[in-house]
Amino acid sequence: MLPPEPAAYTLMATATRPGPLSTAVESVWSFRSQHTDKGQGLPLMAVRFAPAGLDAANRARPGSVTRVPIRVERDPGAPESAVRELALEASTDDGVTWRAVPVVRTGGGWTALVTNPRAGHVSLRATASDQAGASVVQTITRAWAVGS
């Protein structure tokens, strides 16, 4: 049970697994909440990526550009609040270094163009915030492979 006055909260979830792709997924949410008498979903967002042009093994061609449609979903039952900002970064060294990737608003989501290295993997990190001040930083290590 939450206290009656609004307070700031941070929630973090991390999942790891062996294997060549999506070896780690981490989400860190920041939001304000307070006690309510009726059940209500938390104001959490999830960033969904749909990289286009990958082969059946989720590999991109070396040196190619991958178009990545992006959408932000809300926790079911959460209060509605429009997404204010979305930023994307990509890494080709498993998250040691990151570079900003421009995103363009397209209909109900965004699209980014990610340049693939000559070999290896691409990791993604998205930061989204809404009009109510809630935010999420979501990182996928080794989102897809490049080359054979």
# chains A, B, ... in the order shown; residues from 1 in each chain; ligands from 1

$ residues_around --residues "A:Gln34" --least-positions-apart "4" --cutoff "7 Å" --atoms "only C-alpha atoms" --output "PyMOL selection string"
chain A and resi 2-7

$ residues_around --residues "A:Ala56" --least-positions-apart "5" --cutoff "12 Å" --atoms "only C-alpha atoms" --output "PyMOL selection string"
chain A and resi 144-145+148

$ closest_residue --among "A:Ala46, A:Pro69, A:Gly41, A:Val101" --to "A:Ala13" --atoms "only C-alpha atoms"
A:Ala46

$ residues_around --residues "A:Pro76" --least-positions-apart "4" --cutoff "12 Å" --atoms "only C-alpha atoms" --output "ChimeraX atom specification"
/A:39-46,80

$ write_last_selection --atoms "all heavy atoms" --output "PDB file, in the first residue's frame"
ATOM      1  N   GLY A  39      -7.948  -0.104  -7.648  1.00  0.00           N
ATOM      2  CA  GLY A  39      -6.758  -0.598  -8.332  1.00  0.00           C
ATOM      3  C   GLY A  39      -6.507   0.144  -9.637  1.00  0.00           C
ATOM      4  O   GLY A  39      -7.443   0.483 -10.363  1.00  0.00           O
ATOM      5  N   GLN A  40      -5.266   0.396  -9.915  1.00  0.00           N
ATOM      6  CA  GLN A  40      -4.904   1.134 -11.120  1.00  0.00           C
ATOM      7  C   GLN A  40      -3.505   0.686 -11.544  1.00  0.00           C
ATOM      8  O   GLN A  40      -2.640   0.466 -10.699  1.00  0.00           O
ATOM      9  CB  GLN A  40      -4.904   2.629 -10.796  1.00  0.00           C
ATOM     10  CG  GLN A  40      -4.517   3.523 -11.927  1.00  0.00           C
ATOM     11  CD  GLN A  40      -4.648   4.976 -11.534  1.00  0.00           C
ATOM     12  OE1 GLN A  40      -5.687   5.399 -11.028  1.00  0.00           O
ATOM     13  NE2 GLN A  40      -3.612   5.732 -11.741  1.00  0.00           N
ATOM     14  N   GLY A  41      -3.298   0.564 -12.841  1.00  0.00           N
ATOM     15  CA  GLY A  41      -1.981   0.189 -13.340  1.00  0.00           C
ATOM     16  C   GLY A  41      -0.964   1.282 -13.076  1.00  0.00           C
ATOM     17  O   GLY A  41      -1.296   2.464 -13.003  1.00  0.00           O
ATOM     18  N   LEU A  42       0.286   0.876 -12.917  1.00  0.00           N
ATOM     19  CA  LEU A  42       1.363   1.850 -12.737  1.00  0.00           C
ATOM     20  C   LEU A  42       1.639   2.565 -14.061  1.00  0.00           C
ATOM     21  O   LEU A  42       1.465   1.983 -15.132  1.00  0.00           O
ATOM     22  CB  LEU A  42       2.630   1.154 -12.248  1.00  0.00           C
ATOM     23  CG  LEU A  42       2.574   0.584 -10.840  1.00  0.00           C
ATOM     24  CD1 LEU A  42       3.834  -0.219 -10.552  1.00  0.00           C
ATOM     25  CD2 LEU A  42       2.394   1.694  -9.820  1.00  0.00           C
ATOM     26  N   PRO A  43       2.101   3.807 -14.001  1.00  0.00           N
ATOM     27  CA  PRO A  43       2.355   4.567 -15.236  1.00  0.00           C
ATOM     28  C   PRO A  43       3.673   4.146 -15.895  1.00  0.00           C
ATOM     29  O   PRO A  43       4.596   4.942 -16.054  1.00  0.00           O
ATOM     30  CB  PRO A  43       2.397   6.014 -14.745  1.00  0.00           C
ATOM     31  CG  PRO A  43       2.880   5.920 -13.344  1.00  0.00           C
ATOM     32  CD  PRO A  43       2.308   4.626 -12.812  1.00  0.00           C
ATOM     33  N   LEU A  44       3.747   2.875 -16.285  1.00  0.00           N
ATOM     34  CA  LEU A  44       4.952   2.329 -16.892  1.00  0.00           C
ATOM     35  C   LEU A  44       4.808   2.285 -18.412  1.00  0.00           C
ATOM     36  O   LEU A  44       3.726   2.021 -18.929  1.00  0.00           O
ATOM     37  CB  LEU A  44       5.232   0.925 -16.374  1.00  0.00           C
ATOM     38  CG  LEU A  44       5.312   0.762 -14.856  1.00  0.00           C
ATOM     39  CD1 LEU A  44       5.602  -0.685 -14.497  1.00  0.00           C
ATOM     40  CD2 LEU A  44       6.343   1.703 -14.266  1.00  0.00           C
ATOM     41  N   MET A  45       5.909   2.528 -19.108  1.00  0.00           N
ATOM     42  CA  MET A  45       5.944   2.464 -20.565  1.00  0.00           C
ATOM     43  C   MET A  45       6.918   1.368 -20.981  1.00  0.00           C
ATOM     44  O   MET A  45       7.880   1.091 -20.271  1.00  0.00           O
ATOM     45  CB  MET A  45       6.439   3.801 -21.145  1.00  0.00           C
ATOM     46  CG  MET A  45       5.527   4.963 -20.879  1.00  0.00           C
ATOM     47  SD  MET A  45       6.253   6.529 -21.463  1.00  0.00           S
ATOM     48  CE  MET A  45       7.310   6.934 -20.063  1.00  0.00           C
ATOM     49  N   ALA A  46       6.653   0.773 -22.136  1.00  0.00           N
ATOM     50  CA  ALA A  46       7.575  -0.193 -22.730  1.00  0.00           C
ATOM     51  C   ALA A  46       7.855   0.262 -24.158  1.00  0.00           C
ATOM     52  O   ALA A  46       6.942   0.632 -24.885  1.00  0.00           O
ATOM     53  CB  ALA A  46       6.974  -1.586 -22.736  1.00  0.00           C
ATOM     54  N   GLU A  80      -3.571   7.533 -18.824  1.00  0.00           N
ATOM     55  CA  GLU A  80      -3.052   7.938 -20.124  1.00  0.00           C
ATOM     56  C   GLU A  80      -2.216   9.201 -19.993  1.00  0.00           C
ATOM     57  O   GLU A  80      -2.551  10.098 -19.225  1.00  0.00           O
ATOM     58  CB  GLU A  80      -4.205   8.196 -21.105  1.00  0.00           C
ATOM     59  CG  GLU A  80      -4.892   6.938 -21.566  1.00  0.00           C
ATOM     60  CD  GLU A  80      -3.969   6.023 -22.366  1.00  0.00           C
ATOM     61  OE1 GLU A  80      -3.184   6.517 -23.193  1.00  0.00           O
ATOM     62  OE2 GLU A  80      -4.029   4.803 -22.128  1.00  0.00           O
TER      63      GLU A  80
END

$ closest_residue --among "A:Val137, A:Val122, A:Ala128, A:Ala8" --to "A:Ser22" --atoms "only C-alpha atoms"
A:Val122

$ select_by_dssp --residues "chain A" --states "strand (DSSP E or B)" --output "ChimeraX atom specification"
/A:7-16,24-33,45-49,59-60,65-74,83-91,99-101,103-106,109-115,120-130,135-146

$ residues_around --residues "A:Ala82" --least-positions-apart "2" --cutoff "8 Å" --atoms "only C-alpha atoms" --output "VMD selection string"
chain A and resid 80 84 130 to 131

$ residues_around --residues "A:Ser129" --least-positions-apart "6" --cutoff "10 Å" --atoms "only C-alpha atoms" --output "ChimeraX atom specification"
/A:29-31,45,72,81-87,135-137

$ residues_around --residues "A:Phe49" --least-positions-apart "4" --cutoff "8 Å" --atoms "only C-alpha atoms" --output "PyMOL selection string"
chain A and resi 68-71

$ residues_around --residues "stretch 98-100 of chain A" --least-positions-apart "3" --cutoff "8 Å" --atoms "only C-alpha atoms" --output "number ranges by chain"
A: 87-92, 95

$ write_last_selection --atoms "N, CA, C and O atoms" --output "CSV table (one decimal), in the first residue's frame"
chain,number,residue,atom,x,y,z
A,87,ALA,N,14.2,9.1,-27.3
A,87,ALA,CA,15.6,9.2,-27.9
A,87,ALA,C,16.1,7.8,-28.0
A,87,ALA,O,15.7,6.9,-27.2
A,88,LEU,N,16.9,7.6,-29.0
A,88,LEU,CA,17.5,6.2,-29.2
A,88,LEU,C,19.0,6.4,-29.3
A,88,LEU,O,19.5,7.3,-29.9
A,89,GLU,N,19.7,5.3,-28.8
A,89,GLU,CA,21.1,5.2,-29.0
A,89,GLU,C,21.4,3.8,-29.4
A,89,GLU,O,20.7,2.9,-29.1
A,90,ALA,N,22.5,3.6,-30.1
A,90,ALA,CA,23.0,2.3,-30.6
A,90,ALA,C,24.4,2.1,-30.1
A,90,ALA,O,25.2,3.0,-30.0
A,91,SER,N,24.7,0.8,-29.9
A,91,SER,CA,26.1,0.4,-29.6
A,91,SER,C,26.5,-0.8,-30.4
A,91,SER,O,25.7,-1.7,-30.7
A,92,THR,N,27.7,-0.8,-30.8
A,92,THR,CA,28.3,-2.0,-31.6
A,92,THR,C,29.3,-2.7,-30.8
A,92,THR,O,30.0,-3.6,-31.3
A,95,GLY,N,27.5,-2.2,-25.5
A,95,GLY,CA,27.1,-1.2,-24.5
A,95,GLY,C,28.3,-0.5,-23.9
A,95,GLY,O,28.1,0.3,-23.0

$ decode --residues "stretch 119-140 of chain A" --atoms "N, CA, C and O atoms" --output "mmCIF file, in the first residue's frame"
data_model
loop_
_atom_site.group_PDB
_atom_site.id
_atom_site.type_symbol
_atom_site.label_atom_id
_atom_site.label_comp_id
_atom_site.auth_asym_id
_atom_site.auth_seq_id
_atom_site.Cartn_x
_atom_site.Cartn_y
_atom_site.Cartn_z
ATOM 1 N N ALA A 119 30.663 -6.329 -38.821
ATOM 2 C CA ALA A 119 30.410 -7.624 -38.177
ATOM 3 C C ALA A 119 30.072 -7.352 -36.715
ATOM 4 O O ALA A 119 30.309 -6.258 -36.201
ATOM 5 N N GLY A 120 29.485 -8.336 -36.048
ATOM 6 C CA GLY A 120 29.202 -8.208 -34.624
ATOM 7 C C GLY A 120 27.724 -8.120 -34.308
ATOM 8 O O GLY A 120 26.922 -8.868 -34.873
ATOM 9 N N HIS A 121 27.377 -7.179 -33.439
ATOM 10 C CA HIS A 121 26.003 -7.040 -32.958
ATOM 11 C C HIS A 121 25.648 -5.573 -32.796
ATOM 12 O O HIS A 121 26.529 -4.732 -32.662
ATOM 13 N N VAL A 122 24.350 -5.305 -32.752
ATOM 14 C CA VAL A 122 23.846 -3.962 -32.469
ATOM 15 C C VAL A 122 23.006 -4.045 -31.200
ATOM 16 O O VAL A 122 22.115 -4.896 -31.084
ATOM 17 N N SER A 123 23.316 -3.184 -30.245
ATOM 18 C CA SER A 123 22.518 -3.046 -29.017
ATOM 19 C C SER A 123 21.761 -1.727 -29.105
ATOM 20 O O SER A 123 22.225 -0.778 -29.738
ATOM 21 N N LEU A 124 20.590 -1.669 -28.475
ATOM 22 C CA LEU A 124 19.758 -0.470 -28.500
ATOM 23 C C LEU A 124 19.444 0.000 -27.093
ATOM 24 O O LEU A 124 19.220 -0.813 -26.193
ATOM 25 N N ARG A 125 19.402 1.328 -26.921
ATOM 26 C CA ARG A 125 18.982 1.920 -25.652
ATOM 27 C C ARG A 125 18.046 3.076 -25.980
ATOM 28 O O ARG A 125 18.427 4.022 -26.667
ATOM 29 N N ALA A 126 16.819 2.965 -25.493
ATOM 30 C CA ALA A 126 15.810 4.003 -25.723
ATOM 31 C C ALA A 126 15.463 4.679 -24.409
ATOM 32 O O ALA A 126 15.414 4.033 -23.358
ATOM 33 N N THR A 127 15.222 5.979 -24.484
ATOM 34 C CA THR A 127 14.751 6.757 -23.348
ATOM 35 C C THR A 127 13.470 7.437 -23.774
ATOM 36 O O THR A 127 13.451 8.142 -24.793
ATOM 37 N N ALA A 128 12.398 7.212 -23.016
ATOM 38 C CA ALA A 128 11.109 7.835 -23.319
ATOM 39 C C ALA A 128 10.579 8.517 -22.069
ATOM 40 O O ALA A 128 10.787 8.028 -20.952
ATOM 41 N N SER A 129 9.918 9.644 -22.265
ATOM 42 C CA SER A 129 9.263 10.328 -21.148
ATOM 43 C C SER A 129 7.884 10.787 -21.608
ATOM 44 O O SER A 129 7.653 10.995 -22.798
ATOM 45 N N ASP A 130 6.971 10.938 -20.650
ATOM 46 C CA ASP A 130 5.612 11.351 -21.000
ATOM 47 C C ASP A 130 5.273 12.712 -20.395
ATOM 48 O O ASP A 130 6.062 13.288 -19.636
ATOM 49 N N GLN A 131 4.102 13.212 -20.728
ATOM 50 C CA GLN A 131 3.664 14.533 -20.276
ATOM 51 C C GLN A 131 3.502 14.602 -18.762
ATOM 52 O O GLN A 131 3.606 15.674 -18.177
ATOM 53 N N ALA A 132 3.258 13.470 -18.108
ATOM 54 C CA ALA A 132 3.067 13.448 -16.654
ATOM 55 C C ALA A 132 4.396 13.355 -15.900
ATOM 56 O O ALA A 132 4.412 13.365 -14.669
ATOM 57 N N GLY A 133 5.510 13.228 -16.618
ATOM 58 C CA GLY A 133 6.815 13.167 -15.963
ATOM 59 C C GLY A 133 7.358 11.771 -15.748
ATOM 60 O O GLY A 133 8.453 11.615 -15.217
ATOM 61 N N ALA A 134 6.626 10.738 -16.159
ATOM 62 C CA ALA A 134 7.140 9.368 -16.048
ATOM 63 C C ALA A 134 8.155 9.131 -17.164
ATOM 64 O O ALA A 134 8.085 9.761 -18.230
ATOM 65 N N SER A 135 9.113 8.222 -16.914
ATOM 66 C CA SER A 135 10.108 7.930 -17.938
ATOM 67 C C SER A 135 10.553 6.471 -17.851
ATOM 68 O O SER A 135 10.322 5.797 -16.848
ATOM 69 N N VAL A 136 11.197 6.034 -18.923
ATOM 70 C CA VAL A 136 11.787 4.698 -18.966
ATOM 71 C C VAL A 136 13.081 4.781 -19.760
ATOM 72 O O VAL A 136 13.176 5.523 -20.739
ATOM 73 N N VAL A 137 14.074 4.031 -19.299
ATOM 74 C CA VAL A 137 15.288 3.793 -20.064
ATOM 75 C C VAL A 137 15.338 2.288 -20.278
ATOM 76 O O VAL A 137 15.383 1.524 -19.318
ATOM 77 N N GLN A 138 15.278 1.879 -21.536
ATOM 78 C CA GLN A 138 15.205 0.452 -21.863
ATOM 79 C C GLN A 138 16.388 0.087 -22.742
ATOM 80 O O GLN A 138 16.610 0.722 -23.775
ATOM 81 N N THR A 139 17.143 -0.926 -22.319
ATOM 82 C CA THR A 139 18.356 -1.335 -23.026
ATOM 83 C C THR A 139 18.250 -2.801 -23.435
ATOM 84 O O THR A 139 17.905 -3.649 -22.607
ATOM 85 N N ILE A 140 18.557 -3.072 -24.695
ATOM 86 C CA ILE A 140 18.615 -4.446 -25.197
ATOM 87 C C ILE A 140 20.029 -4.679 -25.709
ATOM 88 O O ILE A 140 20.449 -4.059 -26.689
#
